[in-house]
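These notes concern the structure reproduced below.
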Amino acid sequence: MDLLLKNRKVLVTGGSKGIGLACASVLAAEGADLIVSSRSAVNLDKAASNIGKHGGQLLTFSADISREDDIDALAEFVTSRFGYVDGLVINAGGPPLGPALGHSDEVWMETVSTLLLSVVRLTRIFVPVMSERKFGRIINISSTGVKQPIPGLVLSNSIRQAAGAYLKTLSSEVASHNVFINTILPGATETERLASLHETIAGKTGKSIEEVITERKSAIPAGGFGDPVNIGSLAAFLLSGRNGYVTGQSIAVDGGLVNFPL
Ligand SMILES: NC(=O)c1ccc[n+]([C@@H]2O[C@H](COP(=O)([O-])OP(=O)(O)OC[C@H]3O[C@@H](n4cnc5c(N)ncnc54)[C@H](OP(=O)(O)O)[C@@H]3O)[C@@H](O)[C@H]2O)c1
């Protein structure tokens, strides 16, 4: 099926590695014009060469989406180069692990900035133009932790709930303008973030990394971790004009995972 993404203009934040990069790569293969953003220019250069040549434009811009001034600079760049965007993928790195009582106010506020305020700020900038143009598709990359809190990930479990509630509210306000907003909930997906989670769990439990990986894989009905491209493919459909009626949803891509052993 042609997703009709050719020359659609899409901004992907947190797009230099892992799930964000997979979203950008699938969109590039579909011929979308892309602005890919993340904090590090070095990571962005690697991502651009990883995506390689394709039919559409590929531009990069360094921005930390936990910072309002960076989001404003990113929005200016988008406006100067594309004028508007048809699609927006909101993604950033996950917060630190730790028990519910284990984080300072400062760390909580950093997480609010990265996972919640970023979503509010980016949508506040881009949704009005999408509504005016009568086309917009937005994806937020979240976590299955919003369905069932993941032990040791209280920051992610809590703040992502708030972002999900915000987006659900917004989605119902703008659906009549053909602006559709959905959240993707990745399960365990093979990226640098997952590898570092396994190292942390191994360090805390005294198990080897191999043991941790074997145990966690055995808890997944599909029999293993997800490929980031699985998420990129769903994101491409949800961002496309082929998505004519899916909005306000939180869709898990988790291989049928019920919950990990502690
Ligand atoms: N992988 C999994 O199993 C899994 C499961 C559930 C949820 N998730 C969540 O899904 C998201 C993506 O996961 P991932 O595994 O792909 O992570 P990852 O491998 O750590 O990649 C994160 C990407 O986001 C960028 N980034 C980090 N902080 C940023 C910020 N403040 N502003 C802009 N860009 C930022 C990074 O590039 P720079 O360093 O250049 O900024 C990188 O491109 C995370 O929020 C993660 O918690 C992942």
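FYI, nothing fancy with the structure tokens labels: chains A, B, ... in order, residues from 1 per chain, ligands from 1 as they appear.
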- Message: Residues within 6 Å of range 155-165 of chain A, please, as a VMD selection string. Count only C-alpha atoms; anything in the same chain fewer than 2 positions from it doesn't count.
- Response: chain A and resid 116 145 to 146 149 153 167 to 168
Store the residues of this selection in a file with all heavy atoms, as a short mmCIF file (atom, residue, chain, number, x, y, z; two decimals), in the first residue's frame.
```
data_model
loop_
_atom_site.label_atom_id
_atom_site.label_comp_id
_atom_site.auth_asym_id
_atom_site.auth_seq_id
_atom_site.Cartn_x
_atom_site.Cartn_y
_atom_site.Cartn_z
N LEU A 116 6.85 15.86 29.34
CA LEU A 116 5.51 16.47 29.37
C LEU A 116 5.50 17.86 28.74
O LEU A 116 4.78 18.11 27.77
CB LEU A 116 4.99 16.51 30.81
CG LEU A 116 3.63 17.20 31.00
CD1 LEU A 116 2.54 16.50 30.21
CD2 LEU A 116 3.26 17.27 32.48
N GLY A 145 4.65 1.26 30.11
CA GLY A 145 4.54 1.59 31.54
C GLY A 145 3.30 2.42 31.87
O GLY A 145 2.91 2.50 33.03
N VAL A 146 2.66 3.02 30.86
CA VAL A 146 1.42 3.76 31.16
C VAL A 146 0.24 2.82 31.32
O VAL A 146 -0.78 3.19 31.90
CB VAL A 146 1.09 4.87 30.12
CG1 VAL A 146 2.21 5.87 30.00
CG2 VAL A 146 0.75 4.29 28.77
N PRO A 149 2.41 0.05 35.39
CA PRO A 149 3.68 0.66 35.80
C PRO A 149 4.82 -0.37 35.86
O PRO A 149 4.64 -1.48 36.36
CB PRO A 149 3.35 1.21 37.18
CG PRO A 149 1.89 1.49 37.14
CD PRO A 149 1.30 0.40 36.28
N LEU A 153 10.72 2.27 37.40
CA LEU A 153 10.67 3.35 36.40
C LEU A 153 9.58 4.36 36.74
O LEU A 153 8.77 4.74 35.90
CB LEU A 153 10.44 2.75 35.00
CG LEU A 153 11.68 2.27 34.26
CD1 LEU A 153 11.32 1.56 32.96
CD2 LEU A 153 12.60 3.46 33.92
N LEU A 167 -2.59 14.58 25.66
CA LEU A 167 -2.78 14.35 24.22
C LEU A 167 -4.18 13.82 23.91
O LEU A 167 -4.76 14.14 22.87
CB LEU A 167 -1.70 13.39 23.69
CG LEU A 167 -0.31 14.01 23.60
CD1 LEU A 167 0.72 12.97 23.20
CD2 LEU A 167 -0.27 15.19 22.61
N LYS A 168 -4.72 12.99 24.81
CA LYS A 168 -6.08 12.49 24.60
C LYS A 168 -7.07 13.67 24.60
O LYS A 168 -7.98 13.76 23.77
CB LYS A 168 -6.43 11.49 25.71
CG LYS A 168 -7.82 10.91 25.66
CD LYS A 168 -7.96 9.88 24.55
CE LYS A 168 -9.38 9.33 24.48
NZ LYS A 168 -9.64 8.60 23.25
#
```
- Can you tell me which residues come within 6 Å of ligand 1 when counting only C-alpha atoms and all ligand atoms, ideally as a PyMOL selection string? chain A and resi 13-20+38-40+43+63-66+91-94+114+141-143+186-194
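Within range 118-205 of chain A, DSSP applied to the backbone places the following residues in strand (DSSP E): Gly136, Arg137, Ile138, Ile139, Asn140, Ile141, Val179, Phe180, Ile181, Asn182, Thr183, Ile184, Leu185 and Pro186 of chain A.
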- Name the residues of range 57-261 of chain A that come out as helix (DSSP H, G or I) in a backbone DSSP run; write them as a ChimeraX atom specification. /A:68-81,105-133,144-146,154-177,192-205,209-218,228-239
- Task: Mind checking which residues fall within 9 Å of Phe180 in chain A, counting only C-alpha atoms, ignoring those fewer than 4 positions away in the same chain, and posting them as a PyMOL selection string?
- Result: chain A and resi 135-139+171-172+174-176+238-239+243-248
- Message: So, with only C-alpha atoms as the atoms that count, which of A:Ile184, A:Asp254, A:Asp72, A:Arg67 lies closest to Gly224 in chain A?
- Response: A:Asp254
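Take CA of Gly152 in chain A and CA of Asn230 in chain A: the distance between them is 25.4 Å.
Note that CA of Ala22 in chain A and CA of Asp227 in chain A are 8.9 Å apart.
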- Query: Which polymer residues have any atom within 10 Å of an atom of range 31-35 of chain A, counting only C-alpha atoms, with same-chain residues fewer than 4 positions away left out, as a count of residues only?
  - Reply: 35
- Got a sec: who's within 10 Å of Ile201 in chain A, counting only C-alpha atoms, leaving out chain neighbours fewer than 5 positions off, as a ChimeraX atom specification? /A:97,152,196,206-209,212-213,262
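Each of A:Asp69, A:Gln249, A:Val154, A:Val112 was compared to Ala100 in chain A using only C-alpha atoms, and A:Val154 turns out to be the nearest.
Closest approach to Leu185 in chain A among A:Val107, A:Ala235, A:Leu101, A:Ala29 is made by A:Ala235 (distances from only C-alpha atoms).
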- Task: Would you mind reading off the distance between CA of Gly98 in chain A and CA of Glu110 in chain A, one decimal, in Å?
- Result: 14.5 Å
